[in-house]
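Undergrad: Next comes the structure file start_23.cif, holding mmCIF, C-alpha atoms, pLDDT in the B column; chains and numbers go by the auth columns.
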data_structure
loop_
_atom_site.group_PDB
_atom_site.id
_atom_site.type_symbol
_atom_site.label_atom_id
_atom_site.label_comp_id
_atom_site.label_asym_id
_atom_site.label_seq_id
_atom_site.Cartn_x
_atom_site.Cartn_y
_atom_site.Cartn_z
_atom_site.B_iso_or_equiv
_atom_site.auth_seq_id
_atom_site.auth_asym_id
ATOM 1 C CA ASP A 1 -56.593 -35.156 27.046 91.00 1 A
ATOM 2 C CA ILE A 2 -55.230 -32.265 24.973 96.00 2 A
ATOM 3 C CA GLN A 3 -53.221 -29.676 26.882 97.00 3 A
ATOM 4 C CA MET A 4 -52.866 -26.076 25.705 98.00 4 A
ATOM 5 C CA THR A 5 -49.767 -24.031 26.513 98.00 5 A
ATOM 6 C CA GLN A 6 -50.355 -20.304 26.026 98.00 6 A
ATOM 7 C CA SER A 7 -47.602 -17.681 25.957 96.00 7 A
ATOM 8 C CA PRO A 8 -46.728 -15.171 27.126 97.00 8 A
ATOM 9 C CA SER A 9 -48.705 -14.951 30.360 98.00 9 A
ATOM 10 C CA PHE A 10 -48.278 -11.195 30.450 98.00 10 A
ATOM 11 C CA LEU A 11 -47.595 -8.713 27.677 97.00 11 A
ATOM 12 C CA SER A 12 -46.992 -4.980 27.771 98.00 12 A
ATOM 13 C CA ALA A 13 -46.948 -3.076 24.483 98.00 13 A
ATOM 14 C CA SER A 14 -47.421 0.418 23.118 98.00 14 A
ATOM 15 C CA VAL A 15 -50.343 1.760 21.140 98.00 15 A
ATOM 16 C CA GLY A 16 -49.754 0.985 17.485 98.00 16 A
ATOM 17 C CA ASP A 17 -47.515 -2.029 18.171 98.00 17 A
ATOM 18 C CA ARG A 18 -47.999 -5.385 16.494 98.00 18 A
ATOM 19 C CA VAL A 19 -48.773 -7.961 19.177 98.00 19 A
ATOM 20 C CA THR A 20 -48.688 -11.751 18.953 98.00 20 A
ATOM 21 C CA ILE A 21 -49.996 -14.335 21.397 98.00 21 A
ATOM 22 C CA ASN A 22 -49.307 -18.044 20.988 98.00 22 A
ATOM 23 C CA CYS A 23 -50.989 -21.313 21.874 98.00 23 A
ATOM 24 C CA LYS A 24 -49.366 -24.705 21.518 98.00 24 A
ATOM 25 C CA ALA A 25 -51.399 -27.892 21.694 98.00 25 A
ATOM 26 C CA SER A 26 -50.075 -31.184 23.009 98.00 26 A
ATOM 27 C CA GLN A 27 -51.228 -32.855 19.775 98.00 27 A
ATOM 28 C CA ASN A 28 -52.567 -31.911 16.357 98.00 28 A
ATOM 29 C CA ILE A 29 -55.901 -30.060 16.763 98.00 29 A
ATOM 30 C CA ASN A 30 -56.617 -29.674 13.027 97.00 30 A
ATOM 31 C CA LYS A 31 -57.223 -25.908 13.219 98.00 31 A
ATOM 32 C CA TYR A 32 -60.062 -26.285 15.753 97.00 32 A
ATOM 33 C CA LEU A 33 -58.787 -23.298 17.695 98.00 33 A
ATOM 34 C CA ASN A 34 -60.702 -20.229 18.857 98.00 34 A
ATOM 35 C CA TRP A 35 -59.508 -16.982 20.436 98.00 35 A
ATOM 36 C CA TYR A 36 -61.452 -15.021 23.063 98.00 36 A
ATOM 37 C CA GLN A 37 -61.046 -11.575 24.601 98.00 37 A
ATOM 38 C CA GLN A 38 -62.107 -10.975 28.189 98.00 38 A
ATOM 39 C CA LYS A 39 -62.192 -7.448 29.559 97.00 39 A
ATOM 40 C CA LEU A 40 -62.220 -6.869 33.302 95.00 40 A
ATOM 41 C CA GLY A 41 -65.546 -7.800 34.833 93.00 41 A
ATOM 42 C CA GLU A 42 -67.011 -9.051 31.559 96.00 42 A
ATOM 43 C CA ALA A 43 -67.721 -12.395 29.935 96.00 43 A
ATOM 44 C CA PRO A 44 -65.330 -13.637 27.257 97.00 44 A
ATOM 45 C CA LYS A 45 -66.049 -12.590 23.682 98.00 45 A
ATOM 46 C CA LEU A 46 -65.266 -14.659 20.607 98.00 46 A
ATOM 47 C CA LEU A 47 -62.719 -12.983 18.320 98.00 47 A
ATOM 48 C CA ILE A 48 -61.506 -15.702 15.953 98.00 48 A
ATOM 49 C CA TYR A 49 -62.904 -19.185 15.297 98.00 49 A
ATOM 50 C CA ASN A 50 -61.338 -22.197 13.629 97.00 50 A
ATOM 51 C CA THR A 51 -57.883 -20.596 13.528 98.00 51 A
ATOM 52 C CA ASN A 52 -58.432 -17.720 11.121 98.00 52 A
ATOM 53 C CA ASN A 53 -62.109 -16.787 10.818 97.00 53 A
ATOM 54 C CA LEU A 54 -62.970 -13.351 12.163 98.00 54 A
ATOM 55 C CA GLN A 55 -66.187 -13.302 14.155 96.00 55 A
ATOM 56 C CA THR A 56 -68.801 -10.822 12.956 94.00 56 A
ATOM 57 C CA GLY A 57 -68.222 -7.335 14.326 96.00 57 A
ATOM 58 C CA ILE A 58 -64.613 -7.881 15.364 98.00 58 A
ATOM 59 C CA PRO A 59 -62.124 -5.285 14.015 98.00 59 A
ATOM 60 C CA SER A 60 -59.881 -6.434 11.201 98.00 60 A
ATOM 61 C CA ARG A 61 -56.729 -5.642 13.216 98.00 61 A
ATOM 62 C CA PHE A 62 -57.323 -9.032 14.867 98.00 62 A
ATOM 63 C CA SER A 63 -56.215 -12.090 12.918 98.00 63 A
ATOM 64 C CA GLY A 64 -55.360 -15.694 13.557 98.00 64 A
ATOM 65 C CA SER A 65 -53.056 -18.239 11.979 98.00 65 A
ATOM 66 C CA GLY A 66 -51.585 -21.637 12.570 98.00 66 A
ATOM 67 C CA SER A 67 -51.876 -25.331 11.943 98.00 67 A
ATOM 68 C CA GLY A 68 -51.082 -28.630 13.579 98.00 68 A
ATOM 69 C CA THR A 69 -50.097 -27.826 17.152 98.00 69 A
ATOM 70 C CA ASP A 70 -49.079 -24.138 16.891 98.00 70 A
ATOM 71 C CA TYR A 71 -51.443 -21.167 16.682 98.00 71 A
ATOM 72 C CA THR A 72 -51.097 -17.396 16.870 98.00 72 A
ATOM 73 C CA LEU A 73 -53.369 -14.444 17.525 98.00 73 A
ATOM 74 C CA THR A 74 -52.085 -11.196 16.042 98.00 74 A
ATOM 75 C CA ILE A 75 -53.216 -7.653 16.746 98.00 75 A
ATOM 76 C CA SER A 76 -51.776 -5.621 13.897 98.00 76 A
ATOM 77 C CA SER A 77 -51.934 -2.218 15.590 98.00 77 A
ATOM 78 C CA LEU A 78 -52.671 -2.228 19.308 98.00 78 A
ATOM 79 C CA GLN A 79 -55.428 0.105 20.475 98.00 79 A
ATOM 80 C CA PRO A 80 -56.196 1.233 24.051 97.00 80 A
ATOM 81 C CA GLU A 81 -59.484 -0.683 24.008 97.00 81 A
ATOM 82 C CA ASP A 82 -57.579 -3.946 23.418 98.00 82 A
ATOM 83 C CA VAL A 83 -56.474 -4.061 27.070 98.00 83 A
ATOM 84 C CA ALA A 84 -57.842 -7.431 28.179 98.00 84 A
ATOM 85 C CA THR A 85 -56.960 -11.034 28.865 98.00 85 A
ATOM 86 C CA TYR A 86 -56.905 -13.300 25.824 98.00 86 A
ATOM 87 C CA PHE A 87 -57.625 -17.037 25.892 98.00 87 A
ATOM 88 C CA CYS A 88 -57.334 -19.736 23.287 98.00 88 A
ATOM 89 C CA LEU A 89 -59.712 -22.725 23.178 98.00 89 A
ATOM 90 C CA GLN A 90 -59.144 -26.031 21.376 98.00 90 A
ATOM 91 C CA HIS A 91 -62.303 -27.874 20.350 97.00 91 A
ATOM 92 C CA SER A 92 -60.792 -30.730 18.390 96.00 92 A
ATOM 93 C CA SER A 93 -61.221 -33.272 21.194 92.00 93 A
ATOM 94 C CA LYS A 94 -63.405 -32.273 24.119 93.00 94 A
ATOM 95 C CA LEU A 95 -62.452 -28.667 24.987 96.00 95 A
ATOM 96 C CA THR A 96 -59.433 -27.088 26.667 97.00 96 A
ATOM 97 C CA PHE A 97 -58.681 -23.437 27.309 98.00 97 A
ATOM 98 C CA GLY A 98 -55.238 -21.906 27.355 98.00 98 A
ATOM 99 C CA SER A 99 -54.133 -20.266 30.592 97.00 99 A
ATOM 100 C CA GLY A 100 -54.552 -16.724 29.288 98.00 100 A
ATOM 101 C CA THR A 101 -52.438 -13.720 28.293 98.00 101 A
ATOM 102 C CA LYS A 102 -52.950 -10.440 30.105 98.00 102 A
ATOM 103 C CA LEU A 103 -52.311 -7.559 27.730 98.00 103 A
ATOM 104 C CA GLU A 104 -51.634 -4.058 28.944 98.00 104 A
ATOM 105 C CA ILE A 105 -50.625 -0.771 27.340 97.00 105 A
ATOM 106 C CA LYS A 106 -47.090 0.397 28.075 94.00 106 A
ATOM 107 C CA GLN B 1 -80.429 -11.736 18.729 94.00 107 B
ATOM 108 C CA VAL B 2 -78.830 -14.408 20.886 96.00 108 B
ATOM 109 C CA THR B 3 -78.825 -13.910 24.652 97.00 109 B
ATOM 110 C CA LEU B 4 -78.048 -16.215 27.565 98.00 110 B
ATOM 111 C CA LYS B 5 -78.417 -15.662 31.286 98.00 111 B
ATOM 112 C CA GLU B 6 -77.262 -17.835 34.142 98.00 112 B
ATOM 113 C CA SER B 7 -78.934 -18.174 37.527 98.00 113 B
ATOM 114 C CA GLY B 8 -77.846 -19.983 40.664 94.00 114 B
ATOM 115 C CA PRO B 9 -77.996 -20.033 44.454 96.00 115 B
ATOM 116 C CA GLY B 10 -75.247 -17.477 45.119 93.00 116 B
ATOM 117 C CA ILE B 11 -73.888 -19.244 48.150 97.00 117 B
ATOM 118 C CA LEU B 12 -73.984 -22.847 49.340 97.00 118 B
ATOM 119 C CA GLN B 13 -72.241 -25.057 51.850 97.00 119 B
ATOM 120 C CA PRO B 14 -69.615 -27.744 51.275 97.00 120 B
ATOM 121 C CA SER B 15 -71.020 -31.167 50.322 97.00 121 B
ATOM 122 C CA GLN B 16 -74.235 -29.654 48.893 98.00 122 B
ATOM 123 C CA THR B 17 -75.329 -29.909 45.267 98.00 123 B
ATOM 124 C CA LEU B 18 -74.996 -26.837 43.067 98.00 124 B
ATOM 125 C CA SER B 19 -77.838 -26.327 40.592 98.00 125 B
ATOM 126 C CA LEU B 20 -77.414 -23.816 37.781 98.00 126 B
ATOM 127 C CA THR B 21 -79.873 -22.701 35.114 98.00 127 B
ATOM 128 C CA CYS B 22 -79.122 -21.107 31.748 98.00 128 B
ATOM 129 C CA THR B 23 -82.080 -19.348 30.142 98.00 129 B
ATOM 130 C CA PHE B 24 -81.519 -18.359 26.542 98.00 130 B
ATOM 131 C CA SER B 25 -83.210 -16.781 23.547 97.00 131 B
ATOM 132 C CA GLY B 26 -82.458 -16.280 19.883 96.00 132 B
ATOM 133 C CA PHE B 27 -81.826 -19.945 19.145 96.00 133 B
ATOM 134 C CA SER B 28 -83.361 -23.319 19.914 96.00 134 B
ATOM 135 C CA LEU B 29 -81.931 -26.509 21.308 96.00 135 B
ATOM 136 C CA SER B 30 -84.229 -28.387 18.957 95.00 136 B
ATOM 137 C CA THR B 31 -82.255 -27.055 15.965 95.00 137 B
ATOM 138 C CA TYR B 32 -79.717 -29.359 14.363 95.00 138 B
ATOM 139 C CA GLY B 33 -76.165 -28.561 15.460 93.00 139 B
ATOM 140 C CA MET B 34 -77.038 -26.305 18.362 96.00 140 B
ATOM 141 C CA GLY B 35 -75.835 -26.821 21.903 97.00 141 B
ATOM 142 C CA VAL B 36 -75.055 -25.167 25.212 98.00 142 B
ATOM 143 C CA GLY B 37 -71.930 -25.454 27.302 98.00 143 B
ATOM 144 C CA TRP B 38 -70.921 -24.537 30.831 98.00 144 B
ATOM 145 C CA ILE B 39 -67.613 -22.942 31.758 98.00 145 B
ATOM 146 C CA ARG B 40 -66.351 -21.634 35.089 98.00 146 B
ATOM 147 C CA GLN B 41 -63.717 -19.156 36.216 98.00 147 B
ATOM 148 C CA PRO B 42 -62.399 -18.746 39.765 97.00 148 B
ATOM 149 C CA SER B 43 -61.757 -15.113 40.607 96.00 149 B
ATOM 150 C CA GLY B 44 -58.576 -13.886 38.927 93.00 150 B
ATOM 151 C CA LYS B 45 -57.923 -17.226 37.260 95.00 151 B
ATOM 152 C CA GLY B 46 -58.453 -18.943 33.921 96.00 152 B
ATOM 153 C CA LEU B 47 -61.394 -20.621 32.242 97.00 153 B
ATOM 154 C CA GLU B 48 -62.346 -24.260 32.787 97.00 154 B
ATOM 155 C CA TRP B 49 -64.765 -26.059 30.472 97.00 155 B
ATOM 156 C CA LEU B 50 -67.263 -28.223 32.378 98.00 156 B
ATOM 157 C CA ALA B 51 -69.876 -29.796 30.090 97.00 157 B
ATOM 158 C CA ASN B 52 -71.793 -29.524 26.795 97.00 158 B
ATOM 159 C CA ILE B 53 -75.221 -30.672 25.686 98.00 159 B
ATOM 160 C CA TRP B 54 -76.466 -30.795 22.101 96.00 160 B
ATOM 161 C CA TRP B 55 -79.786 -30.646 20.298 96.00 161 B
ATOM 162 C CA ASP B 56 -79.898 -34.460 20.111 96.00 162 B
ATOM 163 C CA ASP B 57 -79.249 -34.780 23.882 96.00 163 B
ATOM 164 C CA ASP B 58 -75.654 -35.893 23.352 96.00 164 B
ATOM 165 C CA LYS B 59 -73.504 -34.844 26.306 97.00 165 B
ATOM 166 C CA TYR B 60 -69.789 -34.258 26.885 95.00 166 B
ATOM 167 C CA TYR B 61 -68.172 -33.823 30.263 96.00 167 B
ATOM 168 C CA ASN B 62 -64.790 -32.619 31.463 95.00 168 B
ATOM 169 C CA PRO B 63 -63.110 -35.919 32.440 93.00 169 B
ATOM 170 C CA SER B 64 -61.611 -34.417 35.579 93.00 170 B
ATOM 171 C CA LEU B 65 -65.087 -33.588 36.954 92.00 171 B
ATOM 172 C CA LYS B 66 -67.281 -36.091 35.141 80.00 172 B
ATOM 173 C CA ASN B 67 -68.409 -38.035 38.198 93.00 173 B
ATOM 174 C CA ARG B 68 -69.829 -34.881 39.787 97.00 174 B
ATOM 175 C CA LEU B 69 -71.512 -33.246 36.777 97.00 175 B
ATOM 176 C CA THR B 70 -74.938 -33.668 35.220 97.00 176 B
ATOM 177 C CA ILE B 71 -76.043 -31.520 32.291 98.00 177 B
ATOM 178 C CA SER B 72 -79.607 -31.471 30.995 98.00 178 B
ATOM 179 C CA LYS B 73 -82.002 -29.327 28.975 98.00 179 B
ATOM 180 C CA ASP B 74 -85.621 -28.236 28.667 97.00 180 B
ATOM 181 C CA THR B 75 -86.035 -27.507 24.989 97.00 181 B
ATOM 182 C CA SER B 76 -89.576 -26.185 25.198 96.00 182 B
ATOM 183 C CA ASN B 77 -88.581 -23.559 27.767 97.00 183 B
ATOM 184 C CA ASN B 78 -85.179 -22.674 26.236 97.00 184 B
ATOM 185 C CA GLN B 79 -83.203 -23.694 29.281 98.00 185 B
ATOM 186 C CA ALA B 80 -80.129 -25.750 30.066 98.00 186 B
ATOM 187 C CA PHE B 81 -79.066 -26.947 33.481 98.00 187 B
ATOM 188 C CA LEU B 82 -75.937 -28.072 35.272 98.00 188 B
ATOM 189 C CA LYS B 83 -75.706 -29.868 38.575 98.00 189 B
ATOM 190 C CA ILE B 84 -72.459 -30.309 40.495 98.00 190 B
ATOM 191 C CA THR B 85 -72.586 -32.671 43.432 97.00 191 B
ATOM 192 C CA ASN B 86 -70.568 -32.609 46.646 97.00 192 B
ATOM 193 C CA VAL B 87 -69.240 -29.066 46.217 97.00 193 B
ATOM 194 C CA ASP B 88 -66.104 -27.803 47.917 96.00 194 B
ATOM 195 C CA THR B 89 -64.500 -24.379 48.323 97.00 195 B
ATOM 196 C CA ALA B 90 -62.580 -25.119 45.117 96.00 196 B
ATOM 197 C CA ASP B 91 -65.904 -24.866 43.249 98.00 197 B
ATOM 198 C CA THR B 92 -66.186 -21.171 44.144 98.00 198 B
ATOM 199 C CA ALA B 93 -66.213 -19.387 40.784 98.00 199 B
ATOM 200 C CA THR B 94 -68.169 -17.422 38.234 98.00 200 B
ATOM 201 C CA TYR B 95 -70.137 -19.878 36.117 98.00 201 B
ATOM 202 C CA TYR B 96 -70.914 -19.098 32.488 98.00 202 B
ATOM 203 C CA CYS B 97 -73.151 -20.747 29.940 98.00 203 B
ATOM 204 C CA ALA B 98 -72.408 -20.270 26.261 98.00 204 B
ATOM 205 C CA ARG B 99 -73.979 -21.257 22.964 98.00 205 B
ATOM 206 C CA ILE B 100 -72.514 -23.940 20.773 96.00 206 B
ATOM 207 C CA GLY B 101 -73.343 -22.629 17.331 87.00 207 B
ATOM 208 C CA GLY B 102 -73.368 -24.304 13.975 80.00 208 B
ATOM 209 C CA ARG B 103 -69.826 -23.151 13.161 87.00 209 B
ATOM 210 C CA THR B 104 -68.053 -23.218 16.483 93.00 210 B
ATOM 211 C CA PRO B 105 -68.517 -23.598 20.224 94.00 211 B
ATOM 212 C CA PHE B 106 -69.021 -20.701 22.615 97.00 212 B
ATOM 213 C CA ASP B 107 -69.856 -17.973 20.126 96.00 213 B
ATOM 214 C CA TYR B 108 -72.210 -16.235 22.568 97.00 214 B
ATOM 215 C CA TRP B 109 -71.835 -16.104 26.355 98.00 215 B
ATOM 216 C CA GLY B 110 -74.021 -15.220 29.291 98.00 216 B
ATOM 217 C CA GLN B 111 -72.935 -12.579 31.790 97.00 217 B
ATOM 218 C CA GLY B 112 -71.987 -15.210 34.356 98.00 218 B
ATOM 219 C CA VAL B 113 -73.234 -15.983 37.863 98.00 219 B
ATOM 220 C CA MET B 114 -71.029 -15.966 40.949 98.00 220 B
ATOM 221 C CA VAL B 115 -71.192 -18.997 43.202 98.00 221 B
ATOM 222 C CA THR B 116 -69.513 -19.143 46.589 98.00 222 B
ATOM 223 C CA VAL B 117 -69.029 -22.346 48.547 98.00 223 B
ATOM 224 C CA SER B 118 -68.507 -21.577 52.201 96.00 224 B
ATOM 225 C CA SER B 119 -69.359 -23.027 55.571 91.00 225 B
#
Go through the file and emit its structure as structure tokens.
TA:
Amino acid sequence: DIQMTQSPSFLSASVGDRVTINCKASQNINKYLNWYQQKLGEAPKLLIYNTNNLQTGIPSRFSGSGSGTDYTLTISSLQPEDVATYFCLQHSSKLTFGSGTKLEIK
Amino acid sequence: QVTLKESGPGILQPSQTLSLTCTFSGFSLSTYGMGVGWIRQPSGKGLEWLANIWWDDDKYYNPSLKNRLTISKDTSNNQAFLKITNVDTADTATYYCARIGGRTPFDYWGQGVMVTVSS
């Protein structure tokens, strides 16, 4: 089974900061990596699919990159409404979620 | 517009069988490439994928829970189902269903249903 290691677990940043969240797979997942945002009390929402494809309606300050085993979600300029927990999901072989990154505003 | 909504018993006792229903609209499980998956989340914790079912009735299960899970569908009524046998307090969670779209899994999610296992 593929394991996903997500880091950091917790992140505090200021409005306007560039923020990066990482996921590392235990083996090559061939860019089959999605990113989700989950606000408190809500269902997760798809942000990025297949490493770097922005889901319809998602602001362009969100972007994704990576290959092989290492993937990154970047928020280019943090906004107050970005406070949430972020999860990665590999769907190369079965499915595995990362453990999540809780993002807060400093 | 794609929508999904989960329903379940709310509370059940240890050793019982949990039955969940996902009722959806805006897509069909008779369409090539479409599917529905189930995911759960204990309060304050992370997401755990449980099972997927596709338009052709192919099924995938989380290996760690496979012996307890059964996923099925009713294409004509736009519903998917998940059964979990022999539940325990560790199965207490919010359960989500989500669409598996043509491009990627879990592009649309339901609001989730809370399930508590307690004696």
Undergrad: Any idea what's packed within 8 Å of range 33-50 of chain A, counting all atoms listed in the file, ignoring anything in its chain fewer than 4 positions away? Could you give it as a list in words?
TA: Ile29, Leu54, Gln55, Ile58, Phe62, Ser63, Gly64, Tyr71, Leu73, Val83, Ala84, Thr85, Tyr86, Phe87, Cys88, Leu89, Gln90, His91 and Ser92 of chain A; Tyr202, Thr210, Phe212, Asp213, Tyr214, Trp215, Gly216, Gln217 and Gly218 of chain B
Undergrad: Name the residues captured by the PyMOL selection byres ((chain B) within 12 of (chain A)) when it is applied to the shown file; answer as an mmCIF file with C-alpha atoms, in the coordinates of the input.
TA:
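Below is the file that was written, selection.cif:
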data_model
loop_
_atom_site.group_PDB
_atom_site.id
_atom_site.type_symbol
_atom_site.label_atom_id
_atom_site.label_comp_id
_atom_site.auth_asym_id
_atom_site.auth_seq_id
_atom_site.Cartn_x
_atom_site.Cartn_y
_atom_site.Cartn_z
ATOM 1 C CA LEU B 110 -78.048 -16.215 27.565
ATOM 2 C CA LYS B 111 -78.417 -15.662 31.286
ATOM 3 C CA GLU B 112 -77.262 -17.835 34.142
ATOM 4 C CA GLY B 143 -71.930 -25.454 27.302
ATOM 5 C CA TRP B 144 -70.921 -24.537 30.831
ATOM 6 C CA ILE B 145 -67.613 -22.942 31.758
ATOM 7 C CA ARG B 146 -66.351 -21.634 35.089
ATOM 8 C CA GLN B 147 -63.717 -19.156 36.216
ATOM 9 C CA SER B 149 -61.757 -15.113 40.607
ATOM 10 C CA GLY B 150 -58.576 -13.886 38.927
ATOM 11 C CA LYS B 151 -57.923 -17.226 37.260
ATOM 12 C CA GLY B 152 -58.453 -18.943 33.921
ATOM 13 C CA LEU B 153 -61.394 -20.621 32.242
ATOM 14 C CA GLU B 154 -62.346 -24.260 32.787
ATOM 15 C CA TRP B 155 -64.765 -26.059 30.472
ATOM 16 C CA LEU B 156 -67.263 -28.223 32.378
ATOM 17 C CA ALA B 157 -69.876 -29.796 30.090
ATOM 18 C CA ASN B 158 -71.793 -29.524 26.795
ATOM 19 C CA LYS B 165 -73.504 -34.844 26.306
ATOM 20 C CA TYR B 166 -69.789 -34.258 26.885
ATOM 21 C CA TYR B 167 -68.172 -33.823 30.263
ATOM 22 C CA ASN B 168 -64.790 -32.619 31.463
ATOM 23 C CA PRO B 169 -63.110 -35.919 32.440
ATOM 24 C CA SER B 170 -61.611 -34.417 35.579
ATOM 25 C CA THR B 200 -68.169 -17.422 38.234
ATOM 26 C CA TYR B 201 -70.137 -19.878 36.117
ATOM 27 C CA TYR B 202 -70.914 -19.098 32.488
ATOM 28 C CA CYS B 203 -73.151 -20.747 29.940
ATOM 29 C CA ALA B 204 -72.408 -20.270 26.261
ATOM 30 C CA ARG B 205 -73.979 -21.257 22.964
ATOM 31 C CA ILE B 206 -72.514 -23.940 20.773
ATOM 32 C CA GLY B 207 -73.343 -22.629 17.331
ATOM 33 C CA GLY B 208 -73.368 -24.304 13.975
ATOM 34 C CA ARG B 209 -69.826 -23.151 13.161
ATOM 35 C CA THR B 210 -68.053 -23.218 16.483
ATOM 36 C CA PRO B 211 -68.517 -23.598 20.224
ATOM 37 C CA PHE B 212 -69.021 -20.701 22.615
ATOM 38 C CA ASP B 213 -69.856 -17.973 20.126
ATOM 39 C CA TYR B 214 -72.210 -16.235 22.568
ATOM 40 C CA TRP B 215 -71.835 -16.104 26.355
ATOM 41 C CA GLY B 216 -74.021 -15.220 29.291
ATOM 42 C CA GLN B 217 -72.935 -12.579 31.790
ATOM 43 C CA GLY B 218 -71.987 -15.210 34.356
ATOM 44 C CA VAL B 219 -73.234 -15.983 37.863
ATOM 45 C CA MET B 220 -71.029 -15.966 40.949
#
Undergrad: My list of candidates is B:Met140, B:Leu175, B:Val193, B:Val221. Which is closest to Thr123 in chain B when distances are computed with all atoms listed in the file?
TA: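 Of B:Met140, B:Leu175, B:Val193, B:Val221, the one nearest Thr123 in chain B, counting all atoms listed in the file, is B:Val193.
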Undergrad: Between CA of Ser178 in chain B and CA of Ser224 in chain B, what is the distance in Å, rounded to a tenth?
TA: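 One can read the CA of Ser178 in chain B to CA of Ser224 in chain B distance as 25.9 Å.
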Undergrad: Name all residues at most 9 Å from Leu11 in chain A (count only C-alpha atoms; drop same-chain ones fewer than 6 positions away) and give them as a list in words.
TA: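 Listing them by chain and then by number gives Val19, Ile21, Thr101, Lys102, Leu103, Glu104 and Ile105 of chain A.
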Undergrad: To one decimal place in Å, what is the distance between CA of Ala25 in chain A and CA of Pro8 in chain A?
TA: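 Atom-to-atom, CA of Ala25 in chain A and CA of Pro8 in chain A are spaced 14.6 Å apart.
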Undergrad: For this structure, which residues satisfy the selection - the PyMOL selection byres ((chain B and resi 130) around 8) - when it is evaluated on the file as given? I want them as a ChimeraX atom specification.
TA: /B:108-111,128-129,131-133,184-185
